[in-house]
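Enquirer: File follows, structure-v7.txt with compact mmCIF, C-alpha atoms and all ligand atoms:
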# COMPACT_ATOMS: atom_id res chain seq x y z
CA MET A 281 -273.60 258.08 -13.31
CA ILE A 282 -273.45 254.27 -13.33
CA ARG A 283 -274.68 252.75 -10.09
CA TYR A 284 -272.27 249.94 -9.28
CA ASP A 285 -273.52 249.00 -5.82
CA PRO A 286 -276.65 247.11 -6.97
CA LEU A 287 -274.59 245.22 -9.56
CA ALA A 288 -271.92 244.32 -7.02
CA LEU A 289 -274.60 243.23 -4.56
CA GLU A 290 -276.18 241.00 -7.19
CA ASN A 291 -272.76 239.56 -8.02
CA CYS A 292 -272.03 238.79 -4.38
CA TYR A 293 -275.42 237.07 -3.96
CA GLU A 294 -275.12 235.06 -7.15
CA TYR A 295 -271.65 233.76 -6.30
CA ASN A 296 -272.40 232.87 -2.71
CA TYR A 297 -275.93 231.49 -3.00
CA GLU A 298 -275.99 229.98 -6.52
CA PRO A 299 -279.75 230.60 -6.84
CA ALA A 300 -281.94 228.36 -8.99
CA PRO A 301 -282.97 230.11 -12.23
CA ASP A 302 -286.55 230.80 -11.10
CA GLU A 303 -285.78 231.73 -7.50
CA ILE A 304 -286.88 235.28 -6.73
CA ALA A 305 -285.09 237.13 -3.93
CA ALA A 306 -284.92 240.72 -2.72
CA LEU A 307 -281.52 242.09 -1.74
CA LEU A 308 -281.60 245.04 0.63
CA ASN A 309 -278.33 246.87 1.18
CA VAL A 310 -278.83 249.43 3.93
CA GLY A 311 -275.91 251.85 3.90
CA ALA A 312 -275.34 255.20 5.58
CA SER A 313 -277.29 257.49 3.24
CA VAL A 314 -278.65 255.11 0.61
CA THR A 315 -280.50 251.80 0.64
CA ASN A 316 -280.15 249.74 -2.53
CA ILE A 317 -283.07 247.41 -3.27
CA VAL A 318 -282.54 244.71 -5.90
CA VAL A 319 -285.14 242.16 -6.92
CA THR A 320 -283.48 239.26 -8.63
CA LYS A 321 -284.67 236.11 -10.40
CA GLY A 322 -281.93 233.48 -10.38
CA ALA A 323 -278.82 235.41 -11.34
CA VAL A 324 -280.68 238.11 -13.27
CA PRO A 325 -281.53 241.39 -11.60
CA LEU A 326 -285.12 242.22 -12.59
CA PHE A 327 -285.38 245.52 -10.88
CA THR A 328 -283.26 247.87 -8.80
CA ARG A 329 -284.13 250.98 -6.86
CA ASP A 330 -282.11 253.26 -4.56
CA VAL A 331 -283.85 255.09 -1.75
CA SER A 332 -282.38 257.91 0.32
CA VAL A 333 -282.70 256.38 3.74
CA GLY A 334 -280.18 254.48 5.86
CA GLY A 335 -277.99 254.56 8.94
CA ASN A 336 -277.57 258.34 8.94
CA GLN A 337 -281.28 258.79 9.38
CA TYR A 338 -281.30 256.63 12.52
CA THR A 339 -278.45 258.73 13.93
CA ASP A 340 -280.17 262.02 12.98
CA ALA A 341 -283.41 260.94 14.61
CA LEU A 342 -281.64 260.04 17.88
CA GLN A 343 -279.65 263.26 17.78
CA LYS A 344 -282.80 265.39 17.46
CA GLU A 345 -284.89 263.47 19.94
CA PHE A 346 -282.29 263.45 22.73
CA HIS A 347 -280.36 266.63 21.85
CA LEU A 348 -277.09 264.76 21.37
CA SER A 349 -273.95 265.41 19.37
CA ALA A 350 -273.62 263.34 16.21
CA ASP A 351 -270.98 261.14 17.85
CA ALA A 352 -273.06 260.54 20.93
CA ALA A 353 -276.11 259.73 18.81
CA GLU A 354 -274.07 257.24 16.78
CA ALA A 355 -272.89 255.58 20.01
CA VAL A 356 -276.46 255.36 21.29
CA LYS A 357 -277.53 253.87 17.96
CA LEU A 358 -274.87 251.18 18.23
CA GLY A 359 -275.94 250.41 21.79
CA ARG A 360 -272.61 251.61 23.19
CA ALA A 361 -273.86 254.46 25.31
CA ASN A 362 -276.93 253.22 27.09
CA GLY A 363 -275.63 254.56 30.38
CA ASP A 364 -275.72 258.14 29.08
CA GLY A 365 -279.32 258.80 29.97
CA VAL A 366 -280.88 257.18 26.94
CA ASP A 367 -282.15 253.83 28.08
CA GLU A 368 -283.43 251.07 25.84
CA SER A 369 -287.10 251.95 26.31
CA ARG A 370 -286.50 255.47 24.93
CA ARG A 371 -284.05 254.42 22.22
CA LEU A 372 -286.15 251.71 20.58
CA PRO A 373 -289.19 253.79 19.52
CA VAL A 374 -286.92 256.33 17.81
CA LEU A 375 -285.09 253.60 15.90
CA GLN A 376 -288.44 252.03 15.06
CA SER A 377 -289.75 255.28 13.53
CA VAL A 378 -286.93 255.18 10.96
CA THR A 379 -287.34 251.44 10.41
CA LYS A 380 -290.97 252.18 9.48
CA LEU A 381 -289.72 254.53 6.71
CA ILE A 382 -287.51 251.77 5.32
CA VAL A 383 -290.41 249.29 5.50
CA LEU A 384 -292.59 251.74 3.53
CA GLU A 385 -289.99 252.10 0.79
CA VAL A 386 -289.57 248.34 0.56
CA GLN A 387 -293.35 247.96 0.41
CA LYS A 388 -293.59 250.45 -2.46
CA THR A 389 -290.86 248.63 -4.36
CA PHE A 390 -292.47 245.23 -3.84
CA ASP A 391 -295.90 246.56 -4.88
CA PHE A 392 -294.39 247.95 -8.06
CA PHE A 393 -292.54 244.69 -8.71
CA ARG A 394 -295.69 242.58 -8.25
CA ALA A 395 -297.80 244.89 -10.41
CA SER A 396 -295.28 244.73 -13.24
CA THR A 397 -294.68 240.96 -13.10
CA ASN A 398 -298.18 239.47 -12.69
CA GLY A 399 -297.76 239.01 -8.98
CA GLN A 400 -294.60 236.91 -8.85
CA ARG A 401 -293.67 235.99 -5.30
CA ILE A 402 -290.49 237.13 -3.59
CA ALA A 403 -289.46 234.12 -1.51
CA HIS A 404 -286.47 235.40 0.37
CA MET A 405 -285.01 238.69 1.56
CA TYR A 406 -281.29 239.15 2.16
CA LEU A 407 -280.06 242.08 4.25
CA SER A 408 -276.65 243.69 3.94
CA GLY A 409 -274.95 247.04 4.54
CA GLY A 410 -273.74 248.46 7.83
CA ALA A 411 -277.17 249.64 8.95
CA ALA A 412 -278.72 246.22 8.29
CA GLN A 413 -277.68 245.38 11.84
CA THR A 414 -279.70 248.21 13.40
CA THR A 415 -281.70 246.91 16.34
CA GLY A 416 -285.17 245.83 15.24
CA LEU A 417 -284.77 246.22 11.47
CA LYS A 418 -284.48 242.56 10.53
CA ASP A 419 -287.28 241.44 12.86
CA THR A 420 -289.59 244.18 11.64
CA LEU A 421 -289.01 243.32 7.98
CA GLN A 422 -289.73 239.69 8.83
CA GLU A 423 -292.98 240.62 10.58
CA GLU A 424 -294.17 243.02 7.90
CA PHE A 425 -293.43 240.92 4.84
CA GLY A 426 -293.56 237.34 6.08
CA GLU A 427 -290.76 236.32 3.73
CA VAL A 428 -287.71 234.63 5.13
CA VAL A 429 -285.28 237.41 6.07
CA ASP A 430 -281.58 236.62 6.50
CA PHE A 431 -278.37 238.58 6.64
CA LEU A 432 -276.50 238.15 3.38
CA ASP A 433 -273.28 236.26 4.03
CA PRO A 434 -270.67 237.56 1.55
CA PHE A 435 -268.29 234.81 2.71
CA ARG A 436 -270.69 231.88 2.34
CA ARG A 437 -268.51 230.32 -0.36
CA ILE A 438 -265.28 232.18 0.34
CA ALA A 439 -262.71 230.82 2.76
CA TYR A 440 -260.84 233.12 5.12
CA PRO A 441 -258.41 232.54 8.02
CA ASP A 442 -259.94 231.11 11.22
CA ASN A 443 -258.18 233.54 13.55
CA GLY A 444 -256.52 236.92 13.62
CA PRO A 445 -257.62 240.50 12.94
CA LEU A 446 -258.96 239.77 9.44
CA ALA A 447 -261.16 236.96 10.72
CA GLU A 448 -262.40 239.20 13.53
CA ALA A 449 -263.18 242.08 11.18
CA ILE A 450 -265.05 239.76 8.82
CA ARG A 451 -267.11 238.31 11.66
CA ARG A 452 -267.98 241.74 13.02
CA GLU A 453 -268.65 243.53 9.74
CA ARG A 454 -269.88 240.61 7.64
CA PRO A 455 -273.11 242.05 6.12
CA ARG A 456 -271.38 245.35 5.51
CA LEU A 457 -268.85 243.74 3.17
CA ALA A 458 -271.34 242.56 0.53
CA VAL A 459 -270.65 245.31 -2.02
CA ALA A 460 -266.87 245.09 -1.53
CA VAL A 461 -266.95 241.31 -2.05
CA GLY A 462 -269.20 241.68 -5.09
CA LEU A 463 -266.75 244.12 -6.65
CA ALA A 464 -263.79 241.88 -5.84
CA LEU A 465 -265.52 238.92 -7.53
CA ARG A 466 -265.98 240.82 -10.76
CA SER A 467 -265.17 238.65 -13.74
CA PHE A 468 -263.43 239.99 -16.79
CA ASP A 469 -265.37 238.11 -19.47
CA ASP A 470 -266.35 241.40 -21.04
CA LEU A 471 -262.82 242.69 -21.59
N1 LIG B 1 -273.63 247.35 14.19
C1 LIG B 1 -274.27 248.33 13.59
N2 LIG B 1 -275.57 248.61 13.92
C2 LIG B 1 -276.24 249.60 13.31
N3 LIG B 1 -275.72 250.41 12.36
C3 LIG B 1 -274.47 250.18 12.01
C4 LIG B 1 -273.66 249.15 12.58
N4 LIG B 1 -272.45 249.16 11.99
C5 LIG B 1 -272.46 250.17 11.09
N5 LIG B 1 -273.67 250.79 11.10
C6 LIG B 1 -274.11 251.92 10.27
O1 LIG B 1 -273.97 251.54 8.93
C7 LIG B 1 -273.74 252.69 8.11
C8 LIG B 1 -272.57 252.42 7.18
O2 LIG B 1 -272.89 251.30 6.40
P1 LIG B 1 -272.17 251.04 5.00
O3 LIG B 1 -270.71 250.87 5.20
O4 LIG B 1 -272.91 249.92 4.35
O5 LIG B 1 -272.49 252.42 4.29
P2 LIG B 1 -271.85 253.11 3.00
O6 LIG B 1 -271.81 252.11 1.90
O7 LIG B 1 -270.58 253.78 3.39
O8 LIG B 1 -272.96 254.22 2.75
P3 LIG B 1 -273.72 254.70 1.43
O9 LIG B 1 -273.80 253.52 0.51
O10 LIG B 1 -275.04 255.16 1.91
O11 LIG B 1 -272.90 255.81 0.91
C9 LIG B 1 -273.50 253.85 9.06
O12 LIG B 1 -274.68 254.62 9.14
C10 LIG B 1 -273.24 253.15 10.41
O13 LIG B 1 -273.66 253.92 11.51
MG MG B 2 -273.08 251.58 0.36
Any chance you could put this one into structure tokens?
Ligand SMILES: Nc1ncnc2c1ncn2[C@@H]1O[C@H](COP(=O)(O)OP(=O)(O)OP(=O)(O)O)[C@@H](O)[C@H]1O
Ligand SMILES: [Mg+2]
Expert:
Amino acid sequence: MIRYDPLALENCYEYNYEPAPDEIAALLNVGASVTNIVVTKGAVPLFTRDVSVGGNQYTDALQKEFHLSADAAEAVKLGRANGDGVDESRRLPVLQSVTKLIVLEVQKTFDFFRASTNGQRIAHMYLSGGAAQTTGLKDTLQEEFGEVVDFLDPFRRIAYPDNGPLAEAIRRERPRLAVAVGLALRSFDDL
């Protein structure tokens, strides 16, 4: 099966950020069940890896820990149900335990990348995917790796209306739209 998500992610990054040819960045697309990791130099993906961890695992962990339904656990994850007996001080350590798993996978990928490229430095990390916005994930990646960590903005070089439901949806879901934008930007040079 061809994995399109990493290619679309790369496409989205390339179009919006116009990286210099020797600029090395890591793109981390944290979805529901899969996290795509792409290490890219300029516009060329050097290395991609998919790991089976993402938003579902945060929800599962909360569900087990607090004996919740899947829906209730999802609401707690999104910070929408803090009044339901799961306060912030109990929620955060559970989220953090899953974040640690993601950090470990990223670490493994970076170690492999450095070992196979004579220690080239990854200067920047861009986060996308719905679960990229999970409380604590971005800050923890920043602390663990020291690289600059930013949310990938799929609309950095794409104009959209200032107001209305589309503008609202884009503002709310922005990092989640990276793969969709990358697919939409596909060029047809190869046809
Ligand atoms: N604000 C948010 N904070 C934390 N998690 C969120 C937020 N918004 C969405 N999510 C989570 O993001 C995940 C969905 O993200 P996305 O749309 O990128 O996944 P997907 O591409 O459908 O999944 P996959 O690629 O794994 O099949 C869900 O687990 C959802 O709970
Ligand atoms: Mg996805």
Enquirer: Which is closest to Asp302 (chain A) among A:Thr328, A:Gln376, A:Gln400, A:Thr315, if we use only C-alpha atoms?
Expert: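 Result for the nearest residue to Asp302 (chain A): A:Gln400.
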Enquirer: Residues at most 8 Å from Pro299 (chain A), counting only C-alpha atoms, excluding those fewer than 2 positions away in the same chain, as a compact mmCIF listing (two decimals) with C-alpha atoms, in the frame of the given file?
Expert:
# COMPACT_ATOMS: atom_id res chain seq x y z
CA GLU A 294 -275.12 235.06 -7.15
CA TYR A 297 -275.93 231.49 -3.00
CA PRO A 301 -282.97 230.11 -12.23
CA GLU A 303 -285.78 231.73 -7.50
CA GLY A 322 -281.93 233.48 -10.38
CA ALA A 323 -278.82 235.41 -11.34
Enquirer: Write out as a ChimeraX atom specification the residues lying within 8 Å of Arg371 (chain A), counting all atoms listed in the file and excluding same-chain residues fewer than 5 positions away.
Expert: /A:342,356-357,366
Enquirer: Using all atoms listed in the file, what does the table of chain A residues within 8 Å of ligand MG 2 (chain B) look like, with each row giving the shortest atom pair and its distance in Å to one decimal, sorted by chain and ascending number, as a tab-separated table?
Expert:
residue	atom	partner	partner_atom	distance
A:Asp285	CA	B:MG2	MG	6.7
A:Asn309	CA	B:MG2	MG	7.1
A:Val310	CA	B:MG2	MG	7.1
A:Gly311	CA	B:MG2	MG	4.5
A:Ala312	CA	B:MG2	MG	6.7
A:Ser313	CA	B:MG2	MG	7.8
A:Val314	CA	B:MG2	MG	6.6
A:Thr315	CA	B:MG2	MG	7.4
A:Asn316	CA	B:MG2	MG	7.9
A:Gly409	CA	B:MG2	MG	6.4
A:Val459	CA	B:MG2	MG	7.1
Enquirer: Pick from A:Phe425, A:Tyr295, A:Phe435, A:Tyr284: nearest to Asp330 (chain A), with only C-alpha atoms counted?
Expert: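 Using only C-alpha atoms, the shortest distance to Asp330 (chain A) belongs to A:Tyr284.
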Enquirer: Could you tell me how far CA of Ala305 (chain A) lies from CA of Gly335 (chain A), in Å and to one decimal?
Expert: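 Between CA of Ala305 (chain A) and CA of Gly335 (chain A) the gap is 22.8 Å.
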Enquirer: State, in Å with one decimal place, the distance from CA of Lys418 (chain A) to atom O11 of ligand LIG 1 (chain B).
Expert: 20.1 Å
Enquirer: Which residue out of A:Arg360, A:Arg370, A:Arg401, A:Lys344 has the minimum interatomic distance to ligand LIG 1 (chain B) when all atoms listed in the file are used?
Expert: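 Selected residue with least distance to ligand LIG 1 (chain B): A:Arg360.
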Enquirer: So the first atom is CA of Leu372 (chain A) and the second is CA of Thr414 (chain A); what is the distance between them in Å, to one decimal place?
Expert: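 Computed distance, CA of Leu372 (chain A) to CA of Thr414 (chain A), equals 10.3 Å.
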Enquirer: Find the spatial neighbours of Pro434 (chain A), counting all atoms listed in the file, within a cut-off of 8 Å - ignore same-chain residues fewer than 3 positions away - and output them as a tab-separated table (two decimals) with C-alpha atoms, keeping the file's coordinate frame.
Expert:
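File out-v2.tsv, as written:
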chain	number	residue	atom	x	y	z
A	292	CYS	CA	-272.03	238.79	-4.38
A	293	TYR	CA	-275.42	237.07	-3.96
A	296	ASN	CA	-272.40	232.87	-2.71
A	437	ARG	CA	-268.51	230.32	-0.36
A	438	ILE	CA	-265.28	232.18	0.34
A	454	ARG	CA	-269.88	240.61	7.64
A	455	PRO	CA	-273.11	242.05	6.12
A	457	LEU	CA	-268.85	243.74	3.17
A	458	ALA	CA	-271.34	242.56	0.53
A	461	VAL	CA	-266.95	241.31	-2.05
A	462	GLY	CA	-269.20	241.68	-5.09
Enquirer: Which residues are near Pro441 (chain A)? Cut-off 12 Å, only C-alpha atoms, ignore same chain within fewer than 6 positions. Put them as a tab-separated table (two decimals) with C-alpha atoms, in the coordinates of the input.
Expert:
chain	number	residue	atom	x	y	z
A	435	PHE	CA	-268.29	234.81	2.71
A	447	ALA	CA	-261.16	236.96	10.72
A	448	GLU	CA	-262.40	239.20	13.53
A	449	ALA	CA	-263.18	242.08	11.18
A	450	ILE	CA	-265.05	239.76	8.82
A	451	ARG	CA	-267.11	238.31	11.66
Enquirer: Determine the nearest neighbour of Gly399 (chain A) from the options A:Ile304, A:Ala411, A:Gln422, A:Leu348, counting all atoms listed in the file.
Expert: A:Ile304
Enquirer: Go through A:Ala460, A:Ile317, A:Ala412, A:Ile282 and flag the residue nearest Lys388 (chain A), using all atoms listed in the file for the distances.
Expert: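 Ranked by minimum distance to Lys388 (chain A), first place goes to A:Ile317.
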Enquirer: Which of these, A:Arg394, A:His347, A:Arg329, A:Arg452, has the shortest distance to ligand LIG 1 (chain B) once you count only C-alpha atoms and all ligand atoms?
Expert: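 Smallest separation from ligand LIG 1 (chain B) among the options: A:Arg452.
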Enquirer: Output, as lines of an AutoDock Vina configuration file, the centre and edge lengths in Å (one decimal) of the axis-aligned box that contains all listed atoms of region 309-315 of chain A with 4 Å of margin on each side.
Expert:
center_x = -277.9
center_y = 252.2
center_z = 3.1
size_x = 13.2
size_y = 18.6
size_z = 13.0
Enquirer: Would you list the residues near (-282.1, 241.7, 10.8) (no more than 6 Å away, in the coordinates of the file, using only C-alpha atoms) as a ChimeraX atom specification?
Expert: /A:413,417-419
Enquirer: Would you mind completing region 409-420 of chain A so that it carries N, CA and C atoms, and writing it out as an mmCIF file, in the frame of the given file?
Expert:
data_model
loop_
_atom_site.group_PDB
_atom_site.id
_atom_site.type_symbol
_atom_site.label_atom_id
_atom_site.label_comp_id
_atom_site.auth_asym_id
_atom_site.auth_seq_id
_atom_site.Cartn_x
_atom_site.Cartn_y
_atom_site.Cartn_z
ATOM 1 N N GLY A 409 -275.214 245.631 4.235
ATOM 2 C CA GLY A 409 -274.950 247.040 4.540
ATOM 3 C C GLY A 409 -274.774 247.221 6.042
ATOM 4 N N GLY A 410 -274.008 248.228 6.414
ATOM 5 C CA GLY A 410 -273.740 248.460 7.830
ATOM 6 C C GLY A 410 -274.994 248.607 8.668
ATOM 7 N N ALA A 411 -275.979 249.338 8.151
ATOM 8 C CA ALA A 411 -277.170 249.640 8.950
ATOM 9 C C ALA A 411 -278.157 248.477 8.986
ATOM 10 N N ALA A 412 -277.854 247.401 8.239
ATOM 11 C CA ALA A 412 -278.720 246.220 8.290
ATOM 12 C C ALA A 412 -278.795 245.655 9.700
ATOM 13 N N GLN A 413 -277.734 245.949 10.490
ATOM 14 C CA GLN A 413 -277.680 245.380 11.840
ATOM 15 C C GLN A 413 -278.369 246.266 12.882
ATOM 16 N N THR A 414 -279.010 247.335 12.449
ATOM 17 C CA THR A 414 -279.700 248.210 13.400
ATOM 18 C C THR A 414 -280.749 247.417 14.183
ATOM 19 N N THR A 415 -280.771 247.652 15.475
ATOM 20 C CA THR A 415 -281.700 246.910 16.340
ATOM 21 C C THR A 415 -283.135 246.999 15.803
ATOM 22 N N GLY A 416 -283.754 245.875 15.606
ATOM 23 C CA GLY A 416 -285.170 245.830 15.240
ATOM 24 C C GLY A 416 -285.449 245.775 13.747
ATOM 25 N N LEU A 417 -284.483 246.130 12.910
ATOM 26 C CA LEU A 417 -284.770 246.220 11.470
ATOM 27 C C LEU A 417 -285.111 244.847 10.871
ATOM 28 N N LYS A 418 -284.266 243.893 11.120
ATOM 29 C CA LYS A 418 -284.480 242.560 10.530
ATOM 30 C C LYS A 418 -285.805 241.960 11.010
ATOM 31 N N ASP A 419 -286.046 242.028 12.321
ATOM 32 C CA ASP A 419 -287.280 241.440 12.860
ATOM 33 C C ASP A 419 -288.513 242.133 12.306
ATOM 34 N N THR A 420 -288.430 243.456 12.148
ATOM 35 C CA THR A 420 -289.590 244.180 11.640
ATOM 36 C C THR A 420 -289.863 243.826 10.185
#
